[in-house]
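Next comes final.cif, a file with mmCIF, C-alpha atoms, pLDDT in the B column; chains and numbers go by the auth columns.
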data_upload
loop_
_atom_site.group_PDB
_atom_site.id
_atom_site.type_symbol
_atom_site.label_atom_id
_atom_site.label_comp_id
_atom_site.label_asym_id
_atom_site.label_seq_id
_atom_site.Cartn_x
_atom_site.Cartn_y
_atom_site.Cartn_z
_atom_site.B_iso_or_equiv
_atom_site.auth_seq_id
_atom_site.auth_asym_id
ATOM 1 C CA TRP A 1 -7.893 -67.846 -16.679 78.00 1 A
ATOM 2 C CA GLY A 2 -8.477 -69.670 -13.414 85.00 2 A
ATOM 3 C CA THR A 3 -4.728 -69.927 -12.904 87.00 3 A
ATOM 4 C CA LEU A 4 -4.291 -66.235 -13.652 88.00 4 A
ATOM 5 C CA ALA A 5 -7.040 -65.251 -11.208 92.00 5 A
ATOM 6 C CA GLN A 6 -5.578 -67.434 -8.446 94.00 6 A
ATOM 7 C CA ALA A 7 -2.085 -66.016 -8.991 94.00 7 A
ATOM 8 C CA GLN A 8 -3.416 -62.448 -8.993 95.00 8 A
ATOM 9 C CA ILE A 9 -5.257 -62.991 -5.714 96.00 9 A
ATOM 10 C CA TYR A 10 -2.146 -64.356 -4.013 97.00 10 A
ATOM 11 C CA ALA A 11 -0.030 -61.482 -5.354 96.00 11 A
ATOM 12 C CA SER A 12 -2.586 -58.896 -4.206 95.00 12 A
ATOM 13 C CA TYR A 13 -2.034 -60.135 -0.637 95.00 13 A
ATOM 14 C CA GLY A 14 1.753 -60.077 -0.998 95.00 14 A
ATOM 15 C CA GLU A 15 1.950 -63.870 -1.289 96.00 15 A
ATOM 16 C CA TYR A 16 4.339 -63.764 -4.234 96.00 16 A
ATOM 17 C CA SER A 17 5.723 -67.234 -3.622 96.00 17 A
ATOM 18 C CA ARG A 18 2.250 -68.795 -3.705 96.00 18 A
ATOM 19 C CA SER A 19 1.395 -66.774 -6.789 95.00 19 A
ATOM 20 C CA LEU A 20 4.472 -68.090 -8.589 93.00 20 A
ATOM 21 C CA GLN A 21 3.787 -71.657 -7.469 92.00 21 A
ATOM 22 C CA ALA A 22 0.203 -71.438 -8.752 92.00 22 A
ATOM 23 C CA LEU A 23 1.490 -70.490 -12.192 90.00 23 A
ATOM 24 C CA LYS A 24 4.046 -73.307 -12.145 86.00 24 A
ATOM 25 C CA ARG A 25 1.407 -75.876 -11.134 86.00 25 A
ATOM 26 C CA SER A 26 -0.802 -74.846 -14.037 82.00 26 A
ATOM 27 C CA GLY A 27 1.174 -76.985 -16.467 77.00 27 A
ATOM 28 C CA ILE A 28 1.401 -74.096 -18.939 74.00 28 A
ATOM 29 C CA SER A 29 4.791 -74.133 -20.677 74.00 29 A
ATOM 30 C CA PHE A 30 5.549 -70.459 -20.146 71.00 30 A
ATOM 31 C CA PHE A 31 9.170 -70.796 -21.235 69.00 31 A
ATOM 32 C CA ALA A 32 8.299 -72.732 -24.384 74.00 32 A
ATOM 33 C CA LEU A 33 6.601 -69.617 -25.736 74.00 33 A
ATOM 34 C CA PRO A 34 8.261 -66.363 -26.775 74.00 34 A
ATOM 35 C CA PRO A 35 7.449 -63.530 -24.346 72.00 35 A
ATOM 36 C CA SER A 36 5.591 -61.686 -27.097 76.00 36 A
ATOM 37 C CA LYS A 37 3.016 -64.521 -27.154 77.00 37 A
ATOM 38 C CA LEU A 38 2.178 -64.253 -23.458 78.00 38 A
ATOM 39 C CA PRO A 39 -0.030 -61.589 -21.871 80.00 39 A
ATOM 40 C CA GLN A 40 1.899 -59.077 -19.746 84.00 40 A
ATOM 41 C CA GLU A 41 -0.225 -60.061 -16.744 86.00 41 A
ATOM 42 C CA TYR A 42 1.255 -63.557 -16.772 87.00 42 A
ATOM 43 C CA LEU A 43 4.809 -62.347 -17.290 89.00 43 A
ATOM 44 C CA LYS A 44 4.669 -59.819 -14.473 92.00 44 A
ATOM 45 C CA LEU A 45 3.293 -62.453 -12.112 93.00 45 A
ATOM 46 C CA MET A 46 6.059 -64.823 -13.189 92.00 46 A
ATOM 47 C CA PHE A 47 8.664 -62.096 -12.684 94.00 47 A
ATOM 48 C CA PRO A 48 7.303 -59.801 -9.978 95.00 48 A
ATOM 49 C CA GLN A 49 9.076 -56.953 -8.166 96.00 49 A
ATOM 50 C CA PRO A 50 8.344 -57.302 -4.449 96.00 50 A
ATOM 51 C CA TRP A 51 10.626 -55.374 -2.071 97.00 51 A
ATOM 52 C CA TRP A 52 11.847 -53.546 -5.172 97.00 52 A
ATOM 53 C CA ASN A 53 12.874 -50.296 -3.477 98.00 53 A
ATOM 54 C CA ASP A 54 15.069 -52.130 -0.961 98.00 54 A
ATOM 55 C CA LEU A 55 16.436 -54.431 -3.640 98.00 55 A
ATOM 56 C CA VAL A 56 17.394 -51.586 -5.978 98.00 56 A
ATOM 57 C CA ALA A 57 18.942 -49.554 -3.144 98.00 57 A
ATOM 58 C CA ASP A 58 21.018 -52.458 -1.841 98.00 58 A
ATOM 59 C CA ALA A 59 22.032 -53.567 -5.331 98.00 59 A
ATOM 60 C CA GLY A 60 23.099 -50.019 -6.162 98.00 60 A
ATOM 61 C CA LYS A 61 25.110 -49.677 -2.960 98.00 61 A
ATOM 62 C CA ASN A 62 27.066 -52.777 -3.967 98.00 62 A
ATOM 63 C CA GLY A 63 27.340 -51.997 -7.672 98.00 63 A
ATOM 64 C CA LEU A 64 25.079 -54.899 -8.656 98.00 64 A
ATOM 65 C CA ASP A 65 22.560 -55.286 -11.462 98.00 65 A
ATOM 66 C CA PRO A 66 19.164 -55.255 -9.678 98.00 66 A
ATOM 67 C CA PHE A 67 17.730 -57.597 -12.296 98.00 67 A
ATOM 68 C CA LEU A 68 20.460 -60.135 -11.501 98.00 68 A
ATOM 69 C CA VAL A 69 19.641 -59.860 -7.793 98.00 69 A
ATOM 70 C CA ALA A 70 15.909 -60.255 -8.489 98.00 70 A
ATOM 71 C CA SER A 71 16.594 -63.345 -10.591 98.00 71 A
ATOM 72 C CA LEU A 72 18.768 -64.871 -7.876 98.00 72 A
ATOM 73 C CA VAL A 73 16.070 -64.237 -5.267 98.00 73 A
ATOM 74 C CA ARG A 74 13.494 -65.847 -7.540 97.00 74 A
ATOM 75 C CA GLN A 75 15.674 -68.913 -8.034 97.00 75 A
ATOM 76 C CA GLU A 76 16.875 -69.300 -4.449 97.00 76 A
ATOM 77 C CA SER A 77 13.645 -68.870 -2.497 97.00 77 A
ATOM 78 C CA GLU A 78 10.841 -68.486 -5.046 96.00 78 A
ATOM 79 C CA LEU A 79 10.222 -65.097 -3.371 97.00 79 A
ATOM 80 C CA ASN A 80 9.428 -66.678 -0.005 97.00 80 A
ATOM 81 C CA PRO A 81 11.032 -64.452 2.668 97.00 81 A
ATOM 82 C CA THR A 82 10.572 -67.115 5.370 97.00 82 A
ATOM 83 C CA ALA A 83 12.136 -69.974 3.388 97.00 83 A
ATOM 84 C CA VAL A 84 14.595 -72.117 5.349 97.00 84 A
ATOM 85 C CA SER A 85 16.470 -74.828 3.470 95.00 85 A
ATOM 86 C CA PRO A 86 17.512 -78.254 4.841 94.00 86 A
ATOM 87 C CA ALA A 87 21.038 -76.807 5.028 93.00 87 A
ATOM 88 C CA HIS A 88 19.693 -73.972 7.233 95.00 88 A
ATOM 89 C CA ALA A 89 19.979 -71.225 4.638 97.00 89 A
ATOM 90 C CA TYR A 90 17.554 -68.419 5.385 98.00 90 A
ATOM 91 C CA GLY A 91 15.267 -66.069 3.532 98.00 91 A
ATOM 92 C CA LEU A 92 15.097 -64.506 0.113 98.00 92 A
ATOM 93 C CA MET A 93 18.752 -64.958 -0.849 98.00 93 A
ATOM 94 C CA GLN A 94 19.170 -68.165 1.197 98.00 94 A
ATOM 95 C CA LEU A 95 22.014 -67.068 3.438 98.00 95 A
ATOM 96 C CA LEU A 96 23.669 -69.348 5.956 97.00 96 A
ATOM 97 C CA ALA A 97 23.774 -67.975 9.494 97.00 97 A
ATOM 98 C CA SER A 98 27.574 -67.756 9.312 97.00 98 A
ATOM 99 C CA VAL A 99 27.375 -65.735 6.076 97.00 99 A
ATOM 100 C CA GLY A 100 24.741 -63.477 7.594 98.00 100 A
ATOM 101 C CA LYS A 101 26.854 -62.904 10.705 97.00 101 A
ATOM 102 C CA GLU A 102 29.971 -62.109 8.667 97.00 102 A
ATOM 103 C CA ASN A 103 28.161 -59.606 6.460 98.00 103 A
ATOM 104 C CA ALA A 104 26.266 -58.081 9.389 98.00 104 A
ATOM 105 C CA LYS A 105 29.623 -57.303 10.965 96.00 105 A
ATOM 106 C CA ARG A 106 30.790 -55.669 7.732 95.00 106 A
ATOM 107 C CA GLU A 107 27.586 -53.635 7.599 95.00 107 A
ATOM 108 C CA GLY A 108 27.963 -52.540 11.211 95.00 108 A
ATOM 109 C CA LEU A 109 24.835 -54.371 12.405 94.00 109 A
ATOM 110 C CA LYS A 110 25.248 -55.352 16.056 93.00 110 A
ATOM 111 C CA GLY A 111 23.585 -58.217 17.899 94.00 111 A
ATOM 112 C CA PHE A 112 22.938 -60.236 14.766 96.00 112 A
ATOM 113 C CA GLN A 113 20.612 -63.242 15.078 96.00 113 A
ATOM 114 C CA PRO A 114 19.886 -65.748 12.252 96.00 114 A
ATOM 115 C CA ALA A 115 16.139 -65.042 12.556 97.00 115 A
ATOM 116 C CA GLN A 116 16.845 -61.546 11.208 98.00 116 A
ATOM 117 C CA LEU A 117 17.559 -63.155 7.827 98.00 117 A
ATOM 118 C CA LEU A 118 13.822 -63.851 7.538 98.00 118 A
ATOM 119 C CA ASN A 119 13.241 -60.099 7.320 98.00 119 A
ATOM 120 C CA PRO A 120 13.306 -59.181 3.600 98.00 120 A
ATOM 121 C CA ALA A 121 15.060 -55.833 4.129 98.00 121 A
ATOM 122 C CA THR A 122 17.822 -57.364 6.248 98.00 122 A
ATOM 123 C CA ASN A 123 18.211 -60.352 3.956 98.00 123 A
ATOM 124 C CA LEU A 124 18.601 -58.141 0.894 98.00 124 A
ATOM 125 C CA GLN A 125 21.032 -55.829 2.687 98.00 125 A
ATOM 126 C CA LEU A 126 23.298 -58.696 3.763 98.00 126 A
ATOM 127 C CA GLY A 127 22.660 -60.849 0.712 98.00 127 A
ATOM 128 C CA THR A 128 23.665 -58.196 -1.803 98.00 128 A
ATOM 129 C CA ARG A 129 26.811 -57.531 0.195 98.00 129 A
ATOM 130 C CA ASN A 130 27.593 -61.238 0.080 98.00 130 A
ATOM 131 C CA LEU A 131 26.876 -61.506 -3.654 98.00 131 A
ATOM 132 C CA LYS A 132 29.228 -58.573 -4.270 98.00 132 A
ATOM 133 C CA SER A 133 31.958 -60.451 -2.370 98.00 133 A
ATOM 134 C CA VAL A 134 31.411 -63.576 -4.466 98.00 134 A
ATOM 135 C CA LEU A 135 31.497 -61.558 -7.689 98.00 135 A
ATOM 136 C CA ASP A 136 34.712 -59.860 -6.601 98.00 136 A
ATOM 137 C CA ARG A 137 36.349 -63.221 -5.962 97.00 137 A
ATOM 138 C CA PHE A 138 35.564 -64.238 -9.543 97.00 138 A
ATOM 139 C CA GLY A 139 36.536 -61.074 -11.354 97.00 139 A
ATOM 140 C CA GLY A 140 32.990 -59.779 -11.659 97.00 140 A
ATOM 141 C CA GLN A 141 31.941 -62.604 -14.015 97.00 141 A
ATOM 142 C CA PRO A 142 28.309 -63.422 -13.100 98.00 142 A
ATOM 143 C CA GLU A 143 28.372 -67.004 -14.401 98.00 143 A
ATOM 144 C CA TYR A 144 31.376 -67.952 -12.253 98.00 144 A
ATOM 145 C CA ALA A 145 29.921 -66.164 -9.235 98.00 145 A
ATOM 146 C CA LEU A 146 26.510 -67.825 -9.579 98.00 146 A
ATOM 147 C CA ALA A 147 28.120 -71.249 -9.933 98.00 147 A
ATOM 148 C CA ALA A 148 30.075 -70.561 -6.733 98.00 148 A
ATOM 149 C CA TYR A 149 26.955 -69.268 -4.972 97.00 149 A
ATOM 150 C CA ASN A 150 25.350 -72.653 -5.652 97.00 150 A
ATOM 151 C CA ALA A 151 28.248 -75.118 -5.500 97.00 151 A
ATOM 152 C CA GLY A 152 30.974 -73.299 -3.549 96.00 152 A
ATOM 153 C CA ASP A 153 34.222 -71.659 -4.583 97.00 153 A
ATOM 154 C CA VAL A 154 36.437 -74.758 -4.641 97.00 154 A
ATOM 155 C CA PRO A 155 34.582 -76.751 -7.335 97.00 155 A
ATOM 156 C CA VAL A 156 34.276 -73.668 -9.535 97.00 156 A
ATOM 157 C CA ARG A 157 38.023 -72.976 -9.296 96.00 157 A
ATOM 158 C CA GLN A 158 38.629 -76.580 -10.323 94.00 158 A
ATOM 159 C CA TRP A 159 36.250 -76.330 -13.286 94.00 159 A
ATOM 160 C CA MET A 160 37.846 -73.079 -14.391 92.00 160 A
ATOM 161 C CA GLY A 161 41.297 -74.680 -14.356 88.00 161 A
ATOM 162 C CA ASN A 162 40.481 -78.050 -15.886 80.00 162 A
ATOM 163 C CA VAL A 163 39.637 -77.005 -19.434 75.00 163 A
ATOM 164 C CA ASP A 164 40.516 -74.121 -21.726 82.00 164 A
ATOM 165 C CA TYR A 165 37.014 -72.816 -22.464 88.00 165 A
ATOM 166 C CA LYS A 166 36.606 -70.698 -25.581 89.00 166 A
ATOM 167 C CA ASP A 167 33.925 -68.547 -23.931 93.00 167 A
ATOM 168 C CA ILE A 168 31.759 -68.252 -20.824 95.00 168 A
ATOM 169 C CA ALA A 169 28.814 -69.996 -22.489 94.00 169 A
ATOM 170 C CA GLU A 170 30.955 -73.077 -23.040 95.00 170 A
ATOM 171 C CA PHE A 171 32.030 -72.976 -19.403 96.00 171 A
ATOM 172 C CA VAL A 172 28.394 -72.962 -18.270 96.00 172 A
ATOM 173 C CA GLU A 173 27.459 -75.813 -20.626 95.00 173 A
ATOM 174 C CA SER A 174 30.391 -77.822 -19.250 94.00 174 A
ATOM 175 C CA ILE A 175 29.546 -77.479 -15.538 96.00 175 A
ATOM 176 C CA PRO A 176 29.514 -81.114 -14.360 95.00 176 A
ATOM 177 C CA TYR A 177 26.904 -80.588 -11.608 97.00 177 A
ATOM 178 C CA THR A 178 23.499 -80.668 -13.300 97.00 178 A
ATOM 179 C CA GLU A 179 21.879 -78.668 -10.494 97.00 179 A
ATOM 180 C CA THR A 180 24.508 -75.931 -10.718 98.00 180 A
ATOM 181 C CA ARG A 181 24.426 -75.799 -14.519 98.00 181 A
ATOM 182 C CA ASP A 182 20.629 -75.466 -14.523 97.00 182 A
ATOM 183 C CA TYR A 183 20.836 -72.897 -11.705 98.00 183 A
ATOM 184 C CA VAL A 184 23.231 -70.622 -13.580 98.00 184 A
ATOM 185 C CA GLN A 185 21.325 -70.916 -16.850 97.00 185 A
ATOM 186 C CA ALA A 186 17.984 -70.187 -15.144 96.00 186 A
ATOM 187 C CA ILE A 187 19.229 -67.059 -13.386 98.00 187 A
ATOM 188 C CA MET A 188 20.891 -65.655 -16.500 97.00 188 A
ATOM 189 C CA ARG A 189 17.756 -66.357 -18.550 93.00 189 A
ATOM 190 C CA ASN A 190 15.506 -64.810 -15.928 94.00 190 A
ATOM 191 C CA ARG A 191 17.687 -61.712 -15.692 96.00 191 A
ATOM 192 C CA GLU A 192 16.973 -61.094 -19.377 92.00 192 A
ATOM 193 C CA MET A 193 13.251 -61.577 -18.738 91.00 193 A
ATOM 194 C CA TYR A 194 13.335 -58.980 -15.946 94.00 194 A
ATOM 195 C CA ARG A 195 15.238 -56.583 -18.181 93.00 195 A
ATOM 196 C CA ALA A 196 12.805 -57.038 -21.064 89.00 196 A
ATOM 197 C CA LEU A 197 9.787 -56.493 -18.816 90.00 197 A
ATOM 198 C CA TYR A 198 10.957 -53.559 -16.752 92.00 198 A
ATOM 199 C CA SER A 199 13.676 -51.725 -18.654 88.00 199 A
ATOM 200 C CA GLY A 200 12.412 -52.100 -22.221 71.00 200 A
ATOM 201 C CA LYS A 201 15.630 -53.829 -23.275 63.00 201 A
#
Let me see the file written as structure tokens.
Amino acid sequence: WGTLAQAQIYASYGEYSRSLQALKRSGISFFALPPSKLPQEYLKLMFPQPWWNDLVADAGKNGLDPFLVASLVRQESELNPTAVSPAHAYGLMQLLASVGKENAKREGLKGFQPAQLLNPATNLQLGTRNLKSVLDRFGGQPEYALAAYNAGDVPVRQWMGNVDYKDIAEFVESIPYTETRDYVQAIMRNREMYRALYSGK
């Protein structure tokens, strides 16, 4: 209950990243339990919907599943809009400055500066456009696109060509980079959690 109260306080102030981290630090094995065994309060703090109006609008404009976008944001930045990685990827969807600049040009945004990627609305606008481009390069298959988002296009093309996989699940299980394999599996799992919580499916 102490963990829940702490997470709720952070979330009430819009500190969704701290709220999520508080739940993770609790040591409670949330994913070892079926969702039906956990109170809704915990689940909605674990899978919140900050910036939801912008996210849904930008996802819709690019023909994306908003729950997939939300899951990617959760995995990439833990909902921290000011996150900057050691590789200088910025914001919610962890965009490199070069990726931000390229997509800003496509969106008709002039005078782009990397610091703009720390603005959630701008990050989601450019990030969803970028994710759409990655999906298009991989035939709309989310698992391939997510692997490329994490590891780059070249390794994924190599993995796709090396073995005749019987299905996409086998491809994911066979990804040789542990980080990328875990990344893809986490996002796909979390997308189903978002769907179950907010769409009733």
Practice task
Select, from A:Asp58, A:Asp153, A:Glu102, A:Glu76, the residue with the minimum atom-to-atom distance to A:Tyr90, counting all atoms listed in the file.
Solution key: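 Among the listed residues, A:Glu76 lies closest to A:Tyr90.
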Once the PyMOL selection byres ((chain A and resi 98) around 12) is applied to the coordinates I shared, what remains selected? I want it as a CSV table (one decimal) with C-alpha atoms, in the frame of the given file.
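Output file selection.csv follows:
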chain,number,residue,atom,x,y,z
A,87,ALA,CA,21.0,-76.8,5.0
A,88,HIS,CA,19.7,-74.0,7.2
A,89,ALA,CA,20.0,-71.2,4.6
A,90,TYR,CA,17.6,-68.4,5.4
A,94,GLN,CA,19.2,-68.2,1.2
A,95,LEU,CA,22.0,-67.1,3.4
A,96,LEU,CA,23.7,-69.3,6.0
A,97,ALA,CA,23.8,-68.0,9.5
A,99,VAL,CA,27.4,-65.7,6.1
A,100,GLY,CA,24.7,-63.5,7.6
A,101,LYS,CA,26.9,-62.9,10.7
A,102,GLU,CA,30.0,-62.1,8.7
A,103,ASN,CA,28.2,-59.6,6.5
A,104,ALA,CA,26.3,-58.1,9.4
A,105,LYS,CA,29.6,-57.3,11.0
A,112,PHE,CA,22.9,-60.2,14.8
A,113,GLN,CA,20.6,-63.2,15.1
A,114,PRO,CA,19.9,-65.7,12.3
A,117,LEU,CA,17.6,-63.2,7.8
A,126,LEU,CA,23.3,-58.7,3.8
A,130,ASN,CA,27.6,-61.2,0.1
Problem - Residue with smallest distance to A:Leu131 - pool A:Ala32, A:Ile168, A:Ala59, A:Ala7, counting all atoms listed in the file - result: A:Ala59
Problem - Sel. within 8 Å of pt (3.1, -61.6, -11.3), counting only C-alpha atoms, output as a ChimeraX atom specification - result: /A:7-8,11,16,19-20,41-48
Exercise for the section: Spell out the residues picked by the PyMOL selection byres ((chain A and resi 24-29) around 12) here, as a list in words. Expected result: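 Those residues are Trp1, Gly2, Thr3, Leu4, Ala5, Gln6, Ala7, Ser17, Arg18, Ser19, Leu20, Gln21, Ala22, Leu23, Phe30, Phe31, Ala32, Leu33, Pro34, Pro35, Lys37, Leu38, Tyr42, Leu45, Met46 and Glu78 of chain A.
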Handout entry: Output of the PyMOL selection byres ((chain A and resi 173-190) around 6), listed as a list in words
Key = Ser71, Leu72, Leu146, Ala147, Glu170, Phe171, Val172, Arg191, Glu192 and Met193 of chain A
Set out as a Markdown table a contact list for stretch 1-100 of chain A and stretch 121-125 of chain A with a cut-off of 8 Å, giving each residue of stretch 1-100 of chain A that qualifies its closest atom pair and distance in Å to one decimal, counting all atoms listed in the file, ordered by chain and rising residue number.
| residue | atom | partner | partner_atom | distance |
| --- | --- | --- | --- | --- |
| A:Trp51 | CA | A:Ala121 | CA | 7.6 |
| A:Asp54 | CA | A:Ala121 | CA | 6.3 |
| A:Leu55 | CA | A:Leu124 | CA | 6.2 |
| A:Asp58 | CA | A:Gln125 | CA | 5.6 |
| A:Gly91 | CA | A:Asn123 | CA | 6.4 |
| A:Leu92 | CA | A:Asn123 | CA | 6.5 |
| A:Met93 | CA | A:Asn123 | CA | 6.7 |
| A:Leu95 | CA | A:Asn123 | CA | 7.7 |
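With all atoms listed in the file as the atoms that count, the minimum distance from A:Glu15 to the choices A:Ala169, A:Ala145, A:Leu79, A:Leu118 is reached by A:Leu79.
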Completion exercise
Here atom CA of A:Asn162 and atom CA of A:Phe138 stand apart by 16.0 Å
Practice task
Measure the distance from atom CA of A:Tyr194 to atom CA of A:Phe67 in Å and round it to one decimal.
Solution key: 5.9 Å
Exercise for the section: Between A:Asn150, A:Ser133, A:Ile9, A:Gln40, single out the one closest to A:Gln75, counting all atoms listed in the file. Expected result: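 Under the stated criterion, the closest residue is A:Asn150.
Taking atom CA of A:Val56 and atom CA of A:Asn119 as endpoints, the distance between them is 16.3 Å.
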Handout entry: Spatial neighbours of A:Leu64, max dist 8 Å, all atoms listed in the file, sep filter under 5 positions, as a PyMOL selection string
Key = chain A and resi 59+69+128+132
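Nearest residue to A:Asn53, choosing from A:Pro155, A:Gly111, A:Pro120, A:Gly127 and counting all atoms listed in the file: A:Pro120.
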Enclose all atoms of stretch 73-91 of chain A listed in the file in an axis-aligned box, grow every side by 3 Å, and hand back centre and edge lengths in Å to one decimal, as AutoDock Vina command-line options.
--center_x 15.2 --center_y -71.2 --center_z -0.4 --size_x 17.6 --size_y 20.0 --size_z 21.3
